[in-house]
$ cat coords25.txt   # compact mmCIF, C-alpha atoms
# COMPACT_ATOMS: atom_id res chain seq x y z
CA MET A 92 28.77 0.53 40.99
CA ARG A 93 25.02 1.14 40.99
CA LYS A 94 25.35 3.52 38.02
CA ALA A 95 27.42 0.97 36.12
CA LEU A 96 24.86 -1.78 36.77
CA HIS A 97 22.05 0.53 35.70
CA ARG A 98 23.83 1.36 32.43
CA ALA A 99 24.52 -2.34 31.82
CA ARG A 100 20.85 -3.25 32.36
CA THR A 101 19.74 -0.44 30.06
CA VAL A 102 22.08 -1.52 27.28
CA LEU A 103 21.05 -5.17 27.66
CA ARG A 104 17.35 -4.29 27.63
CA ARG A 105 17.69 -2.09 24.55
CA SER A 106 19.70 -4.76 22.75
CA ALA A 107 17.06 -7.40 23.54
CA VAL A 108 14.23 -5.17 22.34
CA ASP A 109 16.11 -4.25 19.17
CA TYR A 110 16.85 -7.90 18.44
CA PHE A 111 13.20 -8.87 18.94
CA ARG A 112 12.09 -6.09 16.62
CA GLY A 113 14.71 -7.02 14.07
CA ASP A 114 16.71 -3.82 14.46
CA GLY A 115 19.61 -5.26 16.46
CA SER A 116 22.91 -6.72 15.37
CA ASP A 117 23.04 -10.22 13.91
CA ARG A 118 26.50 -10.91 15.34
CA LEU A 119 25.20 -13.39 17.89
CA ALA A 120 23.37 -15.39 15.23
CA LEU A 121 26.42 -15.23 12.95
CA ALA A 122 28.72 -16.47 15.71
CA GLY A 123 26.41 -19.38 16.48
CA LEU A 124 26.16 -20.43 12.84
CA LEU A 125 29.91 -20.10 12.33
CA LEU A 126 30.45 -22.46 15.26
CA THR A 127 28.14 -25.06 13.71
CA VAL A 128 30.29 -25.27 10.57
CA PRO A 129 33.39 -26.84 12.24
CA ALA A 130 31.08 -29.04 14.32
CA ILE A 131 29.47 -30.39 11.16
CA VAL A 132 32.86 -30.82 9.48
CA TRP A 133 34.14 -32.77 12.50
CA ALA A 134 31.05 -35.02 12.50
CA THR A 135 31.39 -35.64 8.77
CA VAL A 136 35.06 -36.51 8.99
CA THR A 137 34.61 -38.85 11.96
CA ASN A 138 31.37 -40.50 10.81
CA PRO A 139 30.59 -39.68 7.15
CA VAL A 140 27.96 -42.41 6.91
CA TRP A 141 25.62 -40.70 9.40
CA CYS A 142 26.68 -37.09 8.71
CA SER A 143 26.92 -36.50 4.98
CA PRO A 144 28.89 -33.53 3.58
CA VAL A 145 25.61 -32.10 2.30
CA VAL A 146 24.57 -31.38 5.93
CA LEU A 147 26.43 -28.07 5.52
CA VAL A 148 23.29 -26.73 3.85
CA LEU A 149 21.61 -26.50 7.29
CA PRO A 150 23.57 -23.49 8.62
CA ILE A 151 23.33 -21.92 5.15
CA VAL A 152 19.53 -22.17 5.13
CA ALA A 153 19.34 -20.83 8.67
CA GLY A 154 21.67 -17.99 7.73
CA GLY A 155 19.44 -17.04 4.82
CA LEU A 156 16.60 -16.53 7.30
CA LEU A 157 18.53 -14.87 10.12
CA LEU A 158 21.48 -12.93 8.72
CA ARG A 159 22.03 -9.85 6.64
CA PRO A 160 23.67 -10.20 3.19
CA ALA A 161 27.09 -9.01 4.40
CA SER A 162 27.11 -11.53 7.26
CA LEU A 163 25.99 -14.29 4.92
CA LEU A 164 29.18 -13.93 2.89
CA ALA A 165 31.27 -14.75 5.98
CA LEU A 166 29.14 -17.81 6.65
CA TYR A 167 29.46 -18.93 3.02
CA ALA A 168 33.25 -18.57 3.21
CA ALA A 169 33.29 -20.77 6.31
CA ALA A 170 31.06 -23.36 4.61
CA ALA A 171 33.33 -23.39 1.54
CA ALA A 172 36.37 -23.89 3.76
CA GLY A 173 34.53 -26.74 5.48
CA LEU A 174 33.88 -28.44 2.14
CA ILE A 175 37.55 -28.11 1.24
CA VAL A 176 38.59 -29.70 4.55
CA GLU A 177 36.09 -32.54 4.12
CA SER A 178 37.24 -33.19 0.58
CA ALA A 179 40.90 -33.27 1.65
CA VAL A 180 40.30 -35.62 4.60
CA LEU A 181 37.79 -37.97 2.99
CA GLY A 182 39.74 -38.19 -0.25
CA PRO A 183 38.49 -38.17 -3.84
CA TYR A 184 34.83 -39.13 -4.25
CA THR A 185 35.86 -41.68 -6.89
CA GLU A 186 37.56 -43.77 -4.21
CA GLY A 187 34.58 -44.07 -1.86
CA PRO A 188 30.87 -43.33 -1.53
CA VAL A 189 31.31 -40.84 1.32
CA GLY A 190 33.47 -38.22 -0.37
CA VAL A 191 32.54 -34.69 -1.38
CA THR A 192 30.92 -35.09 -4.81
CA PRO A 193 30.22 -32.38 -7.38
CA GLY A 194 26.52 -32.84 -6.54
CA THR A 195 27.23 -31.96 -2.92
CA VAL A 196 29.00 -28.78 -3.96
CA LEU A 197 26.13 -27.84 -6.30
CA ALA A 198 23.50 -28.47 -3.60
CA VAL A 199 25.33 -26.32 -1.04
CA ALA A 200 25.95 -23.57 -3.62
CA ALA A 201 22.28 -23.57 -4.72
CA CYS A 202 21.07 -23.25 -1.13
CA GLY A 203 23.55 -20.43 -0.60
CA LEU A 204 22.28 -18.60 -3.68
CA PHE A 205 18.66 -18.85 -2.59
CA GLY A 206 19.56 -17.75 0.93
CA LEU A 207 21.38 -14.70 -0.41
CA LEU A 208 18.41 -13.75 -2.60
CA ILE A 209 16.05 -14.03 0.39
CA ALA A 210 18.35 -11.93 2.57
CA GLN A 211 18.67 -9.24 -0.11
CA PHE A 212 14.89 -9.13 -0.52
CA ARG A 213 14.43 -8.70 3.24
CA ALA A 214 17.04 -5.97 3.27
CA ARG A 215 15.24 -4.08 0.48
CA VAL A 216 11.83 -4.42 2.10
CA GLY A 217 13.20 -3.57 5.53
CA VAL A 218 11.26 -6.34 7.28
CA PRO A 219 13.52 -8.79 9.14
CA TRP A 220 12.57 -12.43 9.25
CA ARG A 221 11.91 -12.23 12.99
CA ARG A 222 9.27 -9.54 12.51
CA GLY A 223 7.75 -10.32 9.12
CA GLY A 224 5.19 -12.84 10.34
CA THR A 225 4.40 -10.76 13.42
CA MET A 226 3.75 -7.68 11.29
CA LEU A 227 1.39 -9.54 8.94
CA PHE A 228 -0.46 -11.04 11.89
CA ASP A 229 -0.80 -7.59 13.45
CA LEU A 230 -2.15 -6.13 10.19
CA ARG A 231 -4.69 -8.91 9.88
CA GLU A 232 -5.90 -8.38 13.44
CA ARG A 233 -6.17 -4.62 12.93
CA ILE A 234 -8.34 -5.16 9.85
CA ARG A 235 -10.51 -7.61 11.78
CA VAL A 236 -10.95 -5.25 14.74
CA GLN A 237 -11.64 -2.25 12.50
CA SER A 238 -14.30 -4.23 10.61
CA ALA A 239 -16.15 -5.18 13.80
CA LEU A 240 -19.65 -3.78 14.03
CA PRO A 241 -20.50 -1.73 17.13
CA ARG A 242 -22.95 -2.99 19.70
CA LEU A 243 -26.56 -2.15 18.94
CA PRO A 244 -29.37 -1.38 21.39
CA GLN A 245 -31.91 -3.98 22.41
CA GLY A 246 -34.22 -4.93 19.60
CA TRP A 247 -31.50 -5.07 16.95
CA HIS A 248 -29.32 -7.92 15.71
CA ARG A 249 -26.26 -7.54 13.51
CA GLU A 250 -23.68 -9.91 12.12
CA MET A 251 -21.09 -9.93 9.40
CA SER A 252 -18.83 -12.39 7.64
CA LEU A 253 -15.78 -11.74 5.45
CA ARG A 254 -14.27 -14.48 3.30
CA PRO A 255 -11.10 -13.68 1.31
CA ALA A 256 -10.41 -15.31 -2.04
CA GLY A 257 -8.41 -18.52 -2.06
CA GLY A 258 -8.58 -19.00 1.71
CA GLN A 259 -6.10 -16.17 2.32
CA SER A 260 -6.02 -13.97 5.39
CA PHE A 261 -6.39 -10.63 3.59
CA SER A 262 -9.31 -9.43 1.55
CA GLY A 263 -10.17 -6.65 -0.85
CA ASP A 264 -13.59 -6.34 0.84
CA PHE A 265 -13.83 -4.46 4.11
CA VAL A 266 -16.35 -2.84 6.44
CA VAL A 267 -16.08 0.26 8.60
CA ALA A 268 -18.86 1.16 11.00
CA ALA A 269 -19.58 3.65 13.77
CA ARG A 270 -22.45 4.92 15.88
CA THR A 271 -22.87 8.66 15.44
CA SER A 272 -25.25 11.39 16.60
CA GLY A 273 -24.78 10.39 20.22
CA GLY A 274 -25.23 6.70 19.42
CA ARG A 275 -28.64 7.13 17.83
CA THR A 276 -27.42 6.57 14.26
CA LEU A 277 -25.55 3.59 12.87
CA GLU A 278 -23.33 4.27 9.85
CA VAL A 279 -21.89 1.31 7.97
CA VAL A 280 -19.74 1.37 4.84
CA LEU A 281 -19.15 -1.84 2.87
CA THR A 282 -16.45 -1.47 0.21
CA ASP A 283 -15.17 -3.77 -2.52
CA VAL A 284 -11.73 -2.74 -3.82
CA SER A 285 -10.84 -3.67 -7.41
CA GLY A 286 -8.89 -6.91 -7.54
CA LYS A 287 -9.01 -9.76 -5.05
CA GLY A 288 -7.04 -11.42 -2.31
CA MET A 289 -3.51 -10.22 -1.63
CA ASP A 290 -3.48 -8.04 -4.76
CA ALA A 291 -6.22 -5.83 -3.33
CA ALA A 292 -5.39 -6.28 0.36
CA SER A 293 -2.79 -3.51 0.56
CA ARG A 294 -5.15 -0.97 -1.04
CA ALA A 295 -8.02 -2.20 1.13
CA LEU A 296 -5.90 -1.69 4.24
CA LEU A 297 -5.07 1.88 3.25
CA LEU A 298 -8.68 2.69 2.32
CA SER A 299 -10.14 1.12 5.47
CA GLY A 300 -8.01 3.42 7.63
CA ALA A 301 -8.95 6.48 5.58
CA PHE A 302 -12.65 5.59 5.43
CA GLY A 303 -12.69 4.88 9.16
CA GLY A 304 -11.36 8.39 9.78
CA LEU A 305 -13.91 9.98 7.46
CA LEU A 306 -16.90 8.08 8.82
CA GLY A 307 -18.61 10.12 11.47
CA SER A 308 -16.37 13.13 10.85
CA LEU A 309 -18.51 14.32 7.93
CA PRO A 310 -22.25 14.60 7.35
CA PRO A 311 -23.60 11.35 5.88
CA HIS A 312 -24.07 12.85 2.42
CA GLY A 313 -20.48 14.08 2.41
CA PHE A 314 -18.82 10.75 3.02
CA LEU A 315 -18.84 9.24 -0.48
CA PRO A 316 -17.73 12.49 -2.20
CA ALA A 317 -14.82 12.75 0.25
CA ALA A 318 -13.95 9.06 -0.26
CA ASN A 319 -14.06 9.56 -4.02
CA ALA A 320 -11.72 12.55 -3.81
CA TYR A 321 -9.32 10.61 -1.59
CA LEU A 322 -9.22 7.71 -4.05
CA LEU A 323 -8.56 10.05 -6.96
CA ARG A 324 -5.60 11.58 -5.14
CA GLN A 325 -3.93 8.17 -4.86
CA ASP A 326 -3.59 7.97 -8.66
CA TRP A 327 -3.55 4.16 -8.68
CA ASP A 328 -3.46 2.28 -11.98
CA GLU A 329 -6.30 0.06 -10.75
CA GLY A 330 -7.72 2.41 -8.19
CA PHE A 331 -11.48 2.15 -8.39
CA ALA A 332 -13.79 0.65 -5.78
CA THR A 333 -17.48 0.11 -5.17
CA SER A 334 -19.02 1.12 -1.88
CA VAL A 335 -22.39 1.30 -0.16
CA HIS A 336 -23.05 3.62 2.79
CA LEU A 337 -25.90 2.84 5.17
CA VAL A 338 -27.23 5.51 7.56
CA LEU A 339 -29.71 3.91 9.96
CA ASP A 340 -31.74 5.61 12.70
CA LEU A 341 -31.80 3.05 15.50
CA ASP A 342 -34.83 4.63 17.16
CA SER A 343 -37.21 4.81 14.22
CA GLY A 344 -35.69 2.23 11.86
CA ASP A 345 -35.58 4.76 8.99
CA TYR A 346 -32.47 4.57 6.83
CA GLU A 347 -30.76 5.98 3.77
CA LEU A 348 -28.56 4.08 1.36
CA LEU A 349 -25.94 5.82 -0.75
CA SER A 350 -24.14 3.74 -3.35
CA ALA A 351 -20.98 4.16 -5.41
CA GLY A 352 -21.47 1.59 -8.15
CA HIS A 353 -22.31 -1.10 -5.59
CA LEU A 354 -24.87 -3.87 -5.85
CA PRO A 355 -28.30 -3.10 -4.39
CA ALA A 356 -29.12 -3.96 -0.81
CA LEU A 357 -31.89 -6.46 -0.08
CA GLN A 358 -34.66 -5.82 2.44
CA LEU A 359 -36.95 -8.54 3.74
CA HIS A 360 -40.39 -7.20 4.63
CA ALA A 361 -41.74 -9.27 7.50
CA GLY A 362 -45.34 -8.50 6.63
CA SER A 363 -45.22 -9.89 3.10
CA GLY A 364 -42.21 -12.19 3.42
CA ARG A 365 -40.78 -10.79 0.19
CA TRP A 366 -37.34 -9.39 -0.57
CA GLU A 367 -37.04 -5.93 -2.11
CA GLU A 368 -33.98 -4.56 -3.89
CA MET A 369 -32.93 -1.15 -2.58
CA ALA A 370 -30.78 0.32 -5.33
CA ALA A 371 -29.20 3.76 -4.97
CA GLU A 372 -27.47 5.51 -7.87
CA GLY A 373 -23.86 6.66 -8.03
CA PRO A 374 -20.66 6.05 -10.01
CA LEU A 375 -17.67 3.99 -8.93
CA LEU A 376 -15.23 5.58 -6.52
CA GLY A 377 -12.02 6.84 -8.09
CA ILE A 378 -13.31 7.32 -11.64
CA TYR A 379 -13.92 11.07 -11.94
CA ASP A 380 -14.17 14.11 -9.72
CA GLY A 381 -17.43 15.82 -8.77
CA ALA A 382 -19.50 12.62 -8.74
CA GLN A 383 -23.05 12.77 -7.39
CA PHE A 384 -24.48 10.08 -5.13
CA ASP A 385 -28.27 10.00 -4.86
CA PRO A 386 -29.69 8.20 -1.81
CA VAL A 387 -32.58 5.81 -1.58
CA LYS A 388 -34.70 5.82 1.57
CA GLY A 389 -36.38 3.00 3.43
CA SER A 390 -37.50 1.85 6.83
CA LEU A 391 -36.97 -1.29 8.86
CA ARG A 392 -40.09 -2.36 10.72
CA PRO A 393 -40.12 -5.01 13.45
CA GLY A 394 -39.15 -8.32 11.85
CA ASP A 395 -37.52 -6.73 8.80
CA VAL A 396 -34.02 -7.62 7.64
CA LEU A 397 -31.50 -5.61 5.59
CA MET A 398 -28.71 -7.43 3.78
CA LEU A 399 -25.59 -5.83 2.26
CA PHE A 400 -23.14 -7.92 0.25
CA THR A 401 -20.36 -7.78 -2.34
CA ASP A 402 -20.38 -9.20 -5.85
CA GLY A 403 -18.45 -12.33 -4.88
CA LEU A 404 -21.69 -13.80 -3.49
CA VAL A 405 -23.84 -13.38 -6.59
CA GLU A 406 -21.53 -13.07 -9.59
CA ALA A 407 -20.28 -16.14 -11.45
CA SER A 408 -19.20 -16.89 -14.99
CA GLY A 409 -22.10 -17.96 -17.14
CA ARG A 410 -24.70 -16.78 -14.62
CA ASP A 411 -26.67 -13.56 -14.46
CA ILE A 412 -26.44 -11.42 -11.32
CA GLY A 413 -30.21 -11.67 -10.94
CA GLU A 414 -29.94 -15.45 -10.68
CA GLY A 415 -27.27 -15.08 -8.01
CA ILE A 416 -29.47 -12.70 -6.02
CA ASP A 417 -32.42 -15.10 -6.29
CA ARG A 418 -30.25 -17.92 -4.99
CA LEU A 419 -29.03 -15.77 -2.10
CA THR A 420 -32.54 -14.73 -1.05
CA GLY A 421 -33.76 -18.31 -1.39
CA GLU A 422 -31.10 -19.51 1.02
CA ALA A 423 -31.75 -16.56 3.34
CA ASP A 424 -35.42 -17.55 3.67
CA ARG A 425 -34.27 -20.62 5.60
CA TYR A 426 -33.15 -18.40 8.51
CA VAL A 427 -36.29 -16.31 8.92
CA ALA A 428 -37.64 -18.53 11.69
CA SER A 429 -34.34 -18.46 13.64
CA GLY A 430 -34.00 -14.69 13.45
CA PHE A 431 -30.87 -14.99 11.28
CA GLU A 432 -28.69 -16.08 14.18
CA GLY A 433 -25.36 -17.21 12.67
CA ALA A 434 -26.76 -16.81 9.16
CA ALA A 435 -24.00 -14.66 7.60
CA TRP A 436 -21.30 -17.34 7.65
CA HIS A 437 -23.69 -20.09 6.56
CA LEU A 438 -25.07 -18.03 3.67
CA ILE A 439 -21.59 -17.52 2.23
CA GLU A 440 -20.93 -21.22 2.71
CA ALA A 441 -24.15 -22.10 0.89
CA VAL A 442 -24.05 -19.78 -2.12
CA ALA A 443 -20.35 -18.94 -2.68
CA ARG A 444 -18.23 -21.55 -0.93
CA ASP A 445 -15.83 -22.30 -3.79
CA VAL A 446 -15.87 -18.91 -5.50
CA ASN A 447 -12.39 -17.52 -6.19
CA ASP A 448 -13.30 -13.99 -5.15
CA ASP A 449 -13.55 -11.95 -1.97
CA ARG A 450 -16.95 -12.23 -0.32
CA ALA A 451 -18.58 -10.11 2.36
CA LEU A 452 -22.07 -10.23 3.82
CA LEU A 453 -23.66 -7.99 6.45
CA LEU A 454 -27.06 -8.56 8.07
CA LEU A 455 -29.10 -6.10 10.15
CA CYS A 456 -32.30 -7.39 11.72
CA ARG A 457 -34.91 -5.51 13.69
CA ARG A 458 -36.48 -7.83 16.23
CA GLY A 459 -40.20 -8.35 16.08

$ encode --input "coords25.txt" --output "structure tokens"
Amino acid sequence: MRKALHRARTVLRRSAVDYFRGDGSDRLALAGLLLTVPAIVWATVTNPVWCSPVVLVLPIVAGGLLLRPASLLALYAAAAAGLIVESAVLGPYTEGPVGVTPGTVLAVAACGLFGLLIAQFRARVGVPWRRGGTMLFDLRERIRVQSALPRLPQGWHREMSLRPAGGQSFSGDFVVAARTSGGRTLEVVLTDVSGKGMDAASRALLLSGAFGGLLGSLPPHGFLPAANAYLLRQDWDEGFATSVHLVLDLDSGDYELLSAGHLPALQLHAGSGRWEEMAAEGPLLGIYDGAQFDPVKGSLRPGDVLMLFTDGLVEASGRDIGEGIDRLTGEADRYVASGFEGAAWHLIEAVARDVNDDRALLLLCRRG
């Protein structure tokens, strides 16, 4: 008896897990929807004023979301039989306003067609309706966690803001960061994948995982060549990307910037209060093999600020990039007194709020 109960619990638990993941049978959902069809037919026949024949679209719509294509056909057959019964009991539609009209049949058939198309698409993709939203949410959270900057020692402040195009949840801009050399060095890579929004999000997700594995596993000067080789191996039609790699010594404040076709970084010198463009040279990632990436060196003194950003903040139709950079630095000057606390989000809001492009901004400040 105990063995039988144990087997029953195991089977029930596996079935529940499979159903939650979308891998289980849809027989239970099919049985429930099939039972609603005669209930709706009975309500229509007994009270057609409050329950119109077109109410049969409700189980059809639910079936399109819950059932597989083969099960949908059984539900559609039951719905068609229900329409026939309603038409026979209520009589010809020409004799009363509550009969089954040709418009009712067309509405139910159209909903059935759309439901079947949705079910076939889910079957091809292999993502059931019960897990599709959960999977997208999980992907978004993984991107967010992977883009988080590591904690920095006392005397340093860092913050970052990512804003996808069109208010979407996925962006073609991403950041990977890690503390290497026993925590003494901060390495940050800001990448802008070609395209924007959902079009670039899938490639950005793949690249962020690959770049996160490369970062810290190679010497700093070997990262961009390895990333370029990885991108070339993908053989994408629109497979290029821009990237900037920052290698910062957290003890001395000395840093190196290596760029792959990316916009220059901006450094605020606390002594003079002026912004300096730090532009490294290097081609786009994914264009040709054997590319060389020449670094530019600098140093962050107490009170200095380093700003990395993508082109969505400074590029606009009919405006030169230099004008966009001037506008960005002008807005950034407002946060010098506050130490740039919360400045990343507000800067994007101020200079590129309504821009239909992915935007990313990263700030590193050395406290005075």

$ atom_distance --input "coords25.txt" --atom1 "CA of Arg249 in chain A" --atom2 "CA of Asp345 in chain A"
16.1 Å

$ atom_distance --input "coords25.txt" --atom1 "CA of Ala317 in chain A" --atom2 "CA of Trp247 in chain A"
29.6 Å

$ closest_residue --input "coords25.txt" --among "A:Ala198, A:Asp117, A:Glu367, A:Leu281" --to "Pro144 in chain A" --atoms "only C-alpha atoms"
A:Ala198

$ residues_around --input "coords25.txt" --residues "Gly330 in chain A" --least-positions-apart "4" --cutoff "8 Å" --atoms "only C-alpha atoms" --output "ChimeraX atom specification"
/A:284-285,322-323,325-326,377

$ closest_residue --input "coords25.txt" --among "A:Ile151, A:Leu452, A:Arg444, A:Asp385" --to "Ala423 in chain A" --atoms "all atoms listed in the file"
A:Leu452

$ residues_around --input "coords25.txt" --residues "Asp340 in chain A" --least-positions-apart "3" --cutoff "8 Å" --atoms "only C-alpha atoms" --output "ChimeraX atom specification"
/A:275-277,343-346

$ residues_around --input "coords25.txt" --residues "Asp380 in chain A" --least-positions-apart "5" --cutoff "9 Å" --atoms "only C-alpha atoms" --output "JSON, numbers by chain"
{"A": [316, 319, 320, 323]}

$ residues_around --input "coords25.txt" --residues "range 201-209 of chain A" --least-positions-apart "6" --cutoff "8 Å" --atoms "only C-alpha atoms" --output "list in words"
Val148, Ile151, Val152, Gly154, Gly155, Leu156, Pro160, Leu163 and Tyr167 of chain A

$ axis_aligned_box --input "coords25.txt" --around "range 244-258 of chain A" --padding-each-side "4 Å" --output "lines of an AutoDock Vina configuration file"
center_x = -21.3
center_y = -10.2
center_z = 10.2
size_x = 33.8
size_y = 25.6
size_z = 32.5

$ residues_around --input "coords25.txt" --residues "Ala451 in chain A" --least-positions-apart "6" --cutoff "7 Å" --atoms "only C-alpha atoms" --output "list of chain:residue names"
A:Ser252, A:Leu253, A:Arg254, A:Asp264, A:Phe400, A:Thr401

$ decode --input "coords25.txt" --residues "range 437-458 of chain A" --atoms "N, CA and C atoms" --output "mmCIF file, in the first residue's frame"
data_model
loop_
_atom_site.group_PDB
_atom_site.id
_atom_site.type_symbol
_atom_site.label_atom_id
_atom_site.label_comp_id
_atom_site.auth_asym_id
_atom_site.auth_seq_id
_atom_site.Cartn_x
_atom_site.Cartn_y
_atom_site.Cartn_z
ATOM 1 N N HIS A 437 18.424 60.332 -14.999
ATOM 2 C CA HIS A 437 17.958 61.689 -15.303
ATOM 3 C C HIS A 437 18.633 62.256 -16.549
ATOM 4 N N LEU A 438 19.872 61.876 -16.812
ATOM 5 C CA LEU A 438 20.540 62.361 -18.019
ATOM 6 C C LEU A 438 19.870 61.801 -19.273
ATOM 7 N N ILE A 439 19.545 60.522 -19.255
ATOM 8 C CA ILE A 439 18.830 59.949 -20.400
ATOM 9 C C ILE A 439 17.478 60.625 -20.568
ATOM 10 N N GLU A 440 16.808 60.876 -19.458
ATOM 11 C CA GLU A 440 15.506 61.541 -19.510
ATOM 12 C C GLU A 440 15.631 62.951 -20.083
ATOM 13 N N ALA A 441 16.749 63.624 -19.803
ATOM 14 C CA ALA A 441 16.902 65.007 -20.227
ATOM 15 C C ALA A 441 17.319 65.138 -21.686
ATOM 16 N N VAL A 442 18.210 64.276 -22.164
ATOM 17 C CA VAL A 442 18.764 64.470 -23.501
ATOM 18 C C VAL A 442 18.210 63.526 -24.545
ATOM 19 N N ALA A 443 17.587 62.401 -24.151
ATOM 20 C CA ALA A 443 17.133 61.418 -25.154
ATOM 21 C C ALA A 443 15.862 60.719 -24.679
ATOM 22 N N ARG A 444 14.935 61.493 -24.182
ATOM 23 C CA ARG A 444 13.715 60.889 -23.624
ATOM 24 C C ARG A 444 12.848 60.248 -24.713
ATOM 25 N N ASP A 445 12.652 60.928 -25.822
ATOM 26 C CA ASP A 445 11.735 60.466 -26.859
ATOM 27 C C ASP A 445 12.459 59.903 -28.081
ATOM 28 N N VAL A 446 13.708 59.523 -27.920
ATOM 29 C CA VAL A 446 14.479 58.984 -29.036
ATOM 30 C C VAL A 446 14.085 57.520 -29.260
ATOM 31 N N ASN A 447 13.805 57.181 -30.513
ATOM 32 C CA ASN A 447 13.416 55.806 -30.842
ATOM 33 C C ASN A 447 14.663 54.968 -31.115
ATOM 34 N N ASP A 448 15.477 54.816 -30.096
ATOM 35 C CA ASP A 448 16.700 54.025 -30.199
ATOM 36 C C ASP A 448 17.064 53.550 -28.798
ATOM 37 N N ASP A 449 17.848 52.465 -28.744
ATOM 38 C CA ASP A 449 18.330 51.991 -27.454
ATOM 39 C C ASP A 449 19.339 52.974 -26.893
ATOM 40 N N ARG A 450 19.269 53.194 -25.586
ATOM 41 C CA ARG A 450 20.161 54.140 -24.935
ATOM 42 C C ARG A 450 20.757 53.517 -23.678
ATOM 43 N N ALA A 451 22.044 53.743 -23.495
ATOM 44 C CA ALA A 451 22.730 53.226 -22.306
ATOM 45 C C ALA A 451 23.746 54.262 -21.845
ATOM 46 N N LEU A 452 23.840 54.431 -20.542
ATOM 47 C CA LEU A 452 24.761 55.410 -19.966
ATOM 48 C C LEU A 452 25.357 54.820 -18.698
ATOM 49 N N LEU A 453 26.674 54.929 -18.583
ATOM 50 C CA LEU A 453 27.399 54.411 -17.418
ATOM 51 C C LEU A 453 28.286 55.522 -16.870
ATOM 52 N N LEU A 454 28.228 55.716 -15.562
ATOM 53 C CA LEU A 454 29.010 56.744 -14.882
ATOM 54 C C LEU A 454 29.905 56.107 -13.827
ATOM 55 N N LEU A 455 31.159 56.526 -13.807
ATOM 56 C CA LEU A 455 32.122 56.118 -12.773
ATOM 57 C C LEU A 455 32.716 57.384 -12.188
ATOM 58 N N CYS A 456 32.588 57.548 -10.877
ATOM 59 C CA CYS A 456 33.052 58.758 -10.213
ATOM 60 C C CYS A 456 34.043 58.366 -9.110
ATOM 61 N N ARG A 457 35.124 59.103 -9.061
ATOM 62 C CA ARG A 457 36.067 58.930 -7.957
ATOM 63 C C ARG A 457 35.832 60.060 -6.964
ATOM 64 N N ARG A 458 35.488 59.687 -5.746
ATOM 65 C CA ARG A 458 35.136 60.686 -4.750
ATOM 66 C C ARG A 458 36.322 61.571 -4.422
#
